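See structure below.
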Amino acid sequence: MAFQRGRNRWSLSDVRMQFKDEKKQKGGYPVYAEDREEPYHWLRQNPHRLQLGQIGFRFISESGERLLPAAFTEAEQTLDLWGGILISRYTVEGVPVLVHTVCHPESDQLGVTVESPLIAQGRLAVELRFPAPGVTSRKWDQSVSLNWQDSADSHRTEWKRSPDGIVLFERTMDEDGYRLAMRHSAGELMQEDPHSVVLRDFGPAERLECVFSFSPPERRPEVSSADELLEASRMHWERFWLEGGAVELADSRDPRAAELERRIVLSQFLTAIHSAGSLPPQETGLLYNSWFGKPHLEMHWWHAFHFPLWGRAHLLRRSMGWYGAILPKARELAASQGYTGARWPKMIGPEGEQSPSPIAPLLIWQRPHPIVMAELCYLAEPTQETLQRYAGIVLESAEFMASFAEWDEAGQRYVLGPPVIPAQELHKAAETWNPTYELEYWRHGLETAMAWERRLGREPNAYWRHVCDRLSELPEADGVYLAHENCPNSYSDRNNRDHPSMLGALGMLPGKKADPETMRRTLLRVKETWNWETTWGWDYPMAAMTAARLGEGALAVEMLLMEVTKNTYLPNGHNYQRPGLTAYLPGNGGLLTAVAMMAAGWQGGPERHAPGFPADGDWTVRWEGLNAWM
């Protein structure tokens with residue numbers, strides 16, 4: 001994955017820090033200020049992921065004109081999940097075209113083979129276009145477009161053919177760059193403009209093979225043959241499906257079972273591609289850039305928590321090392337705000353620098369994530385080596401959490417916030433304290449960290465124990481849990497939108513301090529009153545996990561498969577949210593986490609088969625390779 005920092009150079013010192021408690025010397029968050037608009041937006045947008053290029057076909061009519069989409073008919077596309085191969089069939093003005101597309105499982109290579117009489121007729125060409133690197137909009141949901149607007153001199157594209165016939169492209173923008181190597185079986189490559197080339201003139205051949213390989217600028221890309229890519233992909237995906245967990249619902253009488261099984265299978269494939277890299281992933285994965293192409297750490301749980309539950313802990317371990325790499329920066333961030341330990345930012349670049357935002361710097365629910373994800377890695381491989389590998393991440397996270405909790409002398413308790421913004425982001429930071437889900441997560445995270453200390457042969461930190469034992473109780477009123485303590489009208493029309501995050505206190509978490517009956521009433525209230533069109537894809541599996549722990553199997557399935565726009569799963573398996581945001585990987589990952597829990601159970605749960613599914617005889621659940629580690 002390539003990132004680009006941009007032409008200007010601002011730092012967080014150029015953005016006004018707000019919510020600074022001068023008396024306690026705590027806080028200071030880079031949120032929006034009108035007099036610092038330029039550095040604010042530049043830092044929001046940089047560093048951003050690079051669009052490495054656009055590769056596609058150009059089709060020409062018999063009269064020599066470029067064809068538009070109306071000329072394409074009889075389109076059929078199939079994804080071979082066992083081999084990881086995308087097979088596309090269509091006709092262009094009645095002439096058949098067959099395309100196989102595949103990615104190498106271990107290197108940054110894309111392979112394409114195309115068969116069609118149009119090749120020999122000179123009516124098919126391959127285009128490579130390289131967009132400029134700059135972000136074109138200050139709005140996160142409009143930053144996904146390729147940048148064809150910047151002047152040609154904002155980036156450079158140079159290419160040459162090596163003696164072995166491979167074409168090497170050198171891409172440069174500011175201080176960043178990358179290489180692209182291209183192998184093709186026939187044709188001539190011609191320059192069309194400074195950042196566009198076309199491959200054409202293939203002679204009598206009716207079959208064309210192309211391989212595209214990307215690498216950092218200091219390394220020559222490795223270029224395989226198309227057949228080698230196909231074989232590597234087939235071997236990889238066969239191993240993936242044979243070694244991981246599986247759930248089968250085929251004999252269920254409930255008509256929704258086939259759709260749930262489709263979502264399960266495709267979500268495994270998509271998260272393995274998009275959410276299992278060396279960096280915490282971005283909401284739209286590698287598909288395109290939203291949120292300025294930056295990962296959000298509070299979403300890492302939803303992207304990757306499921307991997308160990310499905311017997312694939314190694315896919316989570318790939319990104320866990322990143323926390324260790326940025327640990328010094330996380331310590332610096334905590335210290336700059338008057339706290340000890342490591343404070344993990346929310347919206348980040350690859351070096352771990354936080355981004356300014358009216359919301360992101362004030363979120364806290366990502367703080368315990370590295371603790372519980374490290375715990376899953378340990379349960380998958382319970383060795384001293386695992387403990388030592390993640391000890392710094394776990395213990396420094398807990399140290400920050402303990403130092404962040406404020407002692408309330410009058411109430412003889414510890415309080416979270418203000419200022420704080422909970423997972424239900426609509427609440428104002430200065431008016432929010434003790435959000436329900438975050439309070440329970442603080443307890444769970446500190447208790448998990450103290451268990452790590454015992455495993456390491458140490459006495460658990462007494463201060464952590466003191467904070468954990470004296471954290472505020474979960475806020476409730478009228479028999480239901482509130483979003484946070486200062487939110488008495490939690491289920492008013494104004495507040496019944498965005499994430500119903502209070503459900504996470506018993507569902508995503510064991511909920512030791514949560515009363516099951518109070519949470520049951522809360523879940524039913526949410527189901528009846530929530531504005532579900534304002535939610536996000538992970539809210540449905542979150543609600544399903546809450547229902548499962550409460551023994552409400554029918555409700556768990558209902559929440560998991562609720563028919564609402566934000567819970568739509570497209571034919572390709574992506575969790576659709578709205579136009580412009582047609583993929584949302586946290587929804588896929590959340591679904592897999594919920595299904596693993598519903599099928600295999602959870603720690604301390606009932607000793608019966610598939611305890612989270614209805615026990616009415618309409619569901620037949622077969623599973624293997626899952627772990628009940630929630």
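Chain identifiers are assigned as A, B, and so on, following the order in which chains appear in the structure tokens; residues are numbered from 1 within each chain, and ligands are numbered from 1 in order of appearance.
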With 12 Å as the cut-off and only C-alpha atoms counted, what is the closest atom pair between each nearby residue of region 7-103 of chain A and region 295-311 of chain A? Distances in Å to one decimal, ordered by chain and number, as JSON lines.
{"residue": "A:Arg44", "atom": "CA", "partner": "A:Pro295", "partner_atom": "CA", "distance": 11.9}
{"residue": "A:Gln45", "atom": "CA", "partner": "A:Pro295", "partner_atom": "CA", "distance": 11.9}
{"residue": "A:Asn46", "atom": "CA", "partner": "A:Pro295", "partner_atom": "CA", "distance": 12.0}
{"residue": "A:Pro47", "atom": "CA", "partner": "A:Pro295", "partner_atom": "CA", "distance": 11.0}
{"residue": "A:His48", "atom": "CA", "partner": "A:Pro295", "partner_atom": "CA", "distance": 9.7}
{"residue": "A:Arg49", "atom": "CA", "partner": "A:Pro295", "partner_atom": "CA", "distance": 9.7}
Can you spit out the residues from that selection as a PDB file, in the first residue's frame, using N, CA, C and O atoms?
ATOM      1  N   ARG A  44      -5.849  16.695   7.481  1.00  0.00           N
ATOM      2  CA  ARG A  44      -6.921  15.704   7.340  1.00  0.00           C
ATOM      3  C   ARG A  44      -6.691  14.849   6.091  1.00  0.00           C
ATOM      4  O   ARG A  44      -6.964  13.653   6.080  1.00  0.00           O
ATOM      5  N   GLN A  45      -6.154  15.463   5.033  1.00  0.00           N
ATOM      6  CA  GLN A  45      -6.035  14.790   3.746  1.00  0.00           C
ATOM      7  C   GLN A  45      -4.696  14.080   3.553  1.00  0.00           C
ATOM      8  O   GLN A  45      -4.582  13.235   2.660  1.00  0.00           O
ATOM      9  N   ASN A  46      -3.709  14.402   4.366  1.00  0.00           N
ATOM     10  CA  ASN A  46      -2.366  13.843   4.181  1.00  0.00           C
ATOM     11  C   ASN A  46      -1.845  13.214   5.473  1.00  0.00           C
ATOM     12  O   ASN A  46      -2.136  13.702   6.556  1.00  0.00           O
ATOM     13  N   PRO A  47      -1.027  12.175   5.344  1.00  0.00           N
ATOM     14  CA  PRO A  47      -0.745  11.443   4.106  1.00  0.00           C
ATOM     15  C   PRO A  47      -1.962  10.630   3.683  1.00  0.00           C
ATOM     16  O   PRO A  47      -2.729  10.176   4.520  1.00  0.00           O
ATOM     17  N   HIS A  48      -2.133  10.476   2.381  1.00  0.00           N
ATOM     18  CA  HIS A  48      -3.266   9.726   1.867  1.00  0.00           C
ATOM     19  C   HIS A  48      -2.777   8.602   0.955  1.00  0.00           C
ATOM     20  O   HIS A  48      -1.694   8.659   0.396  1.00  0.00           O
ATOM     21  N   ARG A  49      -3.613   7.598   0.832  1.00  0.00           N
ATOM     22  CA  ARG A  49      -3.244   6.480  -0.037  1.00  0.00           C
ATOM     23  C   ARG A  49      -3.234   6.920  -1.492  1.00  0.00           C
ATOM     24  O   ARG A  49      -4.061   7.732  -1.914  1.00  0.00           O
TER      25      ARG A  49
END
Legend entry - Near-region 504-513 of chain A list (10 Å; only C-alpha atoms; drop same-chain fewer than 6 positions) as a PyMOL selection string: chain A and resi 423+435-441+443-445+473-474+481+519-520+539+541-550+590+593-594+597+602-605+630
Inset, instruction - Please return as a VMD selection string: the residues of region 227-301 of chain A that backbone DSSP assigns to alpha helix (DSSP H). - result: chain A and resid 227 to 243 257 to 274 300 to 301
Inset, instruction - Find the residue from A:Pro356, A:Ala402, A:Arg455, A:Leu50 that sits nearest to Tyr378 (chain A); use only C-alpha atoms when measuring. - result: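 That would be A:Arg455, the residue with the smallest distance to Tyr378 (chain A).
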Legend entry - Spatial neighbours of Leu327 (chain A), max dist 10 Å, only C-alpha atoms, sep filter under 4 positions, as a PyMOL selection string: chain A and resi 321-323+331-333+341-344+352+392-393+396-397
Show me, as a compact mmCIF listing (two decimals) with N, CA and C atoms, in the first residue's frame, the residues that have an atom within 7 Å of Leu249 (chain A) when counting only C-alpha atoms, minus same-chain residues fewer than 2 positions from it.
# COMPACT_ATOMS: atom_id res chain seq x y z
N VAL A 247 -18.99 -22.66 8.28
CA VAL A 247 -20.35 -22.78 8.79
C VAL A 247 -21.25 -23.17 7.63
N ASP A 251 -29.32 -27.24 5.44
CA ASP A 251 -30.53 -27.99 5.73
C ASP A 251 -31.53 -27.22 6.58
N SER A 252 -31.30 -25.94 6.75
CA SER A 252 -32.22 -25.12 7.55
C SER A 252 -33.54 -24.91 6.81
N ALA A 257 -31.79 -18.63 5.45
CA ALA A 257 -30.51 -19.31 5.70
C ALA A 257 -29.57 -19.22 4.50
N GLU A 261 -25.81 -17.67 4.58
CA GLU A 261 -24.63 -18.45 4.20
C GLU A 261 -23.86 -17.77 3.07
N THR A 620 -30.56 -25.46 10.98
CA THR A 620 -29.60 -26.55 11.11
C THR A 620 -28.21 -25.96 10.88
N VAL A 621 -27.42 -25.92 11.94
CA VAL A 621 -26.13 -25.25 11.90
C VAL A 621 -25.02 -26.28 12.07
N ARG A 622 -24.22 -26.42 11.04
CA ARG A 622 -23.02 -27.26 11.14
C ARG A 622 -21.80 -26.34 11.07
Please return as a PDB file with N, CA, C and O atoms, in the first residue's frame: the residues of region 524-592 of chain A that backbone DSSP assigns to strand (DSSP E or B).
ATOM      1  N   THR A 568     -27.498  -3.965   3.515  1.00  0.00           N
ATOM      2  CA  THR A 568     -27.546  -4.593   2.199  1.00  0.00           C
ATOM      3  C   THR A 568     -26.191  -5.215   1.872  1.00  0.00           C
ATOM      4  O   THR A 568     -25.149  -4.605   2.099  1.00  0.00           O
ATOM      5  N   TYR A 569     -26.208  -6.435   1.321  1.00  0.00           N
ATOM      6  CA  TYR A 569     -24.989  -7.094   0.852  1.00  0.00           C
ATOM      7  C   TYR A 569     -25.143  -7.356  -0.639  1.00  0.00           C
ATOM      8  O   TYR A 569     -26.014  -8.107  -1.064  1.00  0.00           O
ATOM      9  N   ASN A 575     -20.754  -4.858   1.686  1.00  0.00           N
ATOM     10  CA  ASN A 575     -21.808  -4.270   2.508  1.00  0.00           C
ATOM     11  C   ASN A 575     -22.067  -2.839   2.016  1.00  0.00           C
ATOM     12  O   ASN A 575     -21.309  -1.931   2.328  1.00  0.00           O
ATOM     13  N   TYR A 576     -23.151  -2.663   1.297  1.00  0.00           N
ATOM     14  CA  TYR A 576     -23.515  -1.362   0.712  1.00  0.00           C
ATOM     15  C   TYR A 576     -24.037  -0.435   1.806  1.00  0.00           C
ATOM     16  O   TYR A 576     -24.828  -0.838   2.661  1.00  0.00           O
ATOM     17  N   ARG A 578     -24.466   3.436   0.894  1.00  0.00           N
ATOM     18  CA  ARG A 578     -25.190   4.473   0.150  1.00  0.00           C
ATOM     19  C   ARG A 578     -24.422   4.750  -1.133  1.00  0.00           C
ATOM     20  O   ARG A 578     -23.293   4.276  -1.291  1.00  0.00           O
ATOM     21  N   LEU A 581     -20.567   5.059  -1.340  1.00  0.00           N
ATOM     22  CA  LEU A 581     -19.966   4.218  -0.298  1.00  0.00           C
ATOM     23  C   LEU A 581     -20.583   2.825  -0.445  1.00  0.00           C
ATOM     24  O   LEU A 581     -21.407   2.385   0.343  1.00  0.00           O
TER      25      LEU A 581
END
Write out as a compact mmCIF listing (two decimals) with N, CA and C atoms, in the first residue's frame which residues come within 8 Å of Lys160 (chain A) when counting only C-alpha atoms, dropping same-chain ones fewer than 6 positions away.
# COMPACT_ATOMS: atom_id res chain seq x y z
N VAL A 167 8.37 -3.91 -19.49
CA VAL A 167 8.31 -2.46 -19.48
C VAL A 167 8.29 -1.98 -18.03
N LEU A 168 9.18 -1.06 -17.71
CA LEU A 168 9.29 -0.55 -16.34
C LEU A 168 8.85 0.92 -16.32
N PHE A 169 7.84 1.21 -15.51
CA PHE A 169 7.34 2.57 -15.32
C PHE A 169 7.87 3.13 -14.00
Legend entry - Who sits within 9 Å of Ile55 (chain A), only C-alpha atoms, same chain under 6 positions skipped, as a list in words: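 My reading of the contact set: Val126, Glu127, Leu128, Arg129 and Phe130 of chain A.
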Legend entry - Nearest to Ala360 (chain A), chosen from A:Leu503, A:Pro422, A:Cys468, A:Leu316, with only C-alpha atoms counted in the distances: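 Result for the nearest residue to Ala360 (chain A): A:Pro422.
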Inset, instruction - Using only C-alpha atoms, determine which residues lie at most 7 Å from Val102 (chain A), disregarding the query and same-chain residues fewer than 4 positions distant; provide the list as a PyMOL selection string. - result: chain A and resi 84-86+110-112+229-230
Filtering to all heavy atoms, could you give me those residues as a PDB file, in the first residue's frame?
ATOM      1  N   GLY A  84      -9.796 -17.980  -6.588  1.00  0.00           N
ATOM      2  CA  GLY A  84      -9.538 -16.545  -6.526  1.00  0.00           C
ATOM      3  C   GLY A  84      -9.470 -15.899  -7.896  1.00  0.00           C
ATOM      4  O   GLY A  84      -8.740 -14.928  -8.087  1.00  0.00           O
ATOM      5  N   ILE A  85     -10.248 -16.399  -8.847  1.00  0.00           N
ATOM      6  CA  ILE A  85     -10.178 -15.934 -10.233  1.00  0.00           C
ATOM      7  C   ILE A  85     -11.515 -15.305 -10.626  1.00  0.00           C
ATOM      8  O   ILE A  85     -12.578 -15.908 -10.422  1.00  0.00           O
ATOM      9  CB  ILE A  85      -9.847 -17.100 -11.188  1.00  0.00           C
ATOM     10  CG1 ILE A  85      -8.530 -17.772 -10.767  1.00  0.00           C
ATOM     11  CG2 ILE A  85      -9.776 -16.612 -12.634  1.00  0.00           C
ATOM     12  CD1 ILE A  85      -8.304 -19.120 -11.418  1.00  0.00           C
ATOM     13  N   LEU A  86     -11.460 -14.106 -11.186  1.00  0.00           N
ATOM     14  CA  LEU A  86     -12.648 -13.424 -11.679  1.00  0.00           C
ATOM     15  C   LEU A  86     -12.777 -13.700 -13.178  1.00  0.00           C
ATOM     16  O   LEU A  86     -11.866 -13.385 -13.954  1.00  0.00           O
ATOM     17  CB  LEU A  86     -12.552 -11.925 -11.422  1.00  0.00           C
ATOM     18  CG  LEU A  86     -13.800 -11.100 -11.734  1.00  0.00           C
ATOM     19  CD1 LEU A  86     -14.944 -11.482 -10.806  1.00  0.00           C
ATOM     20  CD2 LEU A  86     -13.495  -9.608 -11.625  1.00  0.00           C
ATOM     21  N   LEU A 110      -0.942  -8.134 -10.575  1.00  0.00           N
ATOM     22  CA  LEU A 110      -2.251  -8.338 -11.180  1.00  0.00           C
ATOM     23  C   LEU A 110      -2.060  -8.994 -12.532  1.00  0.00           C
ATOM     24  O   LEU A 110      -1.250  -8.527 -13.348  1.00  0.00           O
ATOM     25  CB  LEU A 110      -2.967  -6.993 -11.348  1.00  0.00           C
ATOM     26  CG  LEU A 110      -4.238  -6.982 -12.203  1.00  0.00           C
ATOM     27  CD1 LEU A 110      -5.370  -7.689 -11.464  1.00  0.00           C
ATOM     28  CD2 LEU A 110      -4.643  -5.556 -12.560  1.00  0.00           C
ATOM     29  N   GLY A 111      -2.794 -10.066 -12.778  1.00  0.00           N
ATOM     30  CA  GLY A 111      -2.709 -10.765 -14.059  1.00  0.00           C
ATOM     31  C   GLY A 111      -4.031 -10.744 -14.794  1.00  0.00           C
ATOM     32  O   GLY A 111      -5.099 -10.914 -14.181  1.00  0.00           O
ATOM     33  N   VAL A 112      -3.971 -10.518 -16.113  1.00  0.00           N
ATOM     34  CA  VAL A 112      -5.178 -10.475 -16.938  1.00  0.00           C
ATOM     35  C   VAL A 112      -4.918 -11.267 -18.212  1.00  0.00           C
ATOM     36  O   VAL A 112      -3.892 -11.073 -18.877  1.00  0.00           O
ATOM     37  CB  VAL A 112      -5.558  -9.027 -17.314  1.00  0.00           C
ATOM     38  CG1 VAL A 112      -6.803  -9.012 -18.195  1.00  0.00           C
ATOM     39  CG2 VAL A 112      -5.776  -8.183 -16.067  1.00  0.00           C
ATOM     40  N   LEU A 229       0.741 -16.754 -11.982  1.00  0.00           N
ATOM     41  CA  LEU A 229      -0.206 -16.062 -11.109  1.00  0.00           C
ATOM     42  C   LEU A 229      -1.448 -16.913 -10.864  1.00  0.00           C
ATOM     43  O   LEU A 229      -1.922 -17.037  -9.726  1.00  0.00           O
ATOM     44  CB  LEU A 229      -0.616 -14.718 -11.729  1.00  0.00           C
ATOM     45  CG  LEU A 229       0.006 -13.478 -11.095  1.00  0.00           C
ATOM     46  CD1 LEU A 229       1.496 -13.432 -11.389  1.00  0.00           C
ATOM     47  CD2 LEU A 229      -0.691 -12.223 -11.601  1.00  0.00           C
ATOM     48  N   LEU A 230      -1.981 -17.488 -11.925  1.00  0.00           N
ATOM     49  CA  LEU A 230      -3.166 -18.326 -11.791  1.00  0.00           C
ATOM     50  C   LEU A 230      -2.921 -19.498 -10.859  1.00  0.00           C
ATOM     51  O   LEU A 230      -3.733 -19.812  -9.991  1.00  0.00           O
ATOM     52  CB  LEU A 230      -3.621 -18.823 -13.165  1.00  0.00           C
ATOM     53  CG  LEU A 230      -4.249 -17.779 -14.093  1.00  0.00           C
ATOM     54  CD1 LEU A 230      -4.337 -18.313 -15.519  1.00  0.00           C
ATOM     55  CD2 LEU A 230      -5.641 -17.399 -13.597  1.00  0.00           C
TER      56      LEU A 230
END
Inset, instruction - Considering only C-alpha atoms, state which residue in the set A:Arg256, A:Leu118, A:Leu180, A:Glu459 is at the smallest distance from Glu563 (chain A). - result: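 The shortest atom-to-atom distance to Glu563 (chain A) comes from A:Arg256.
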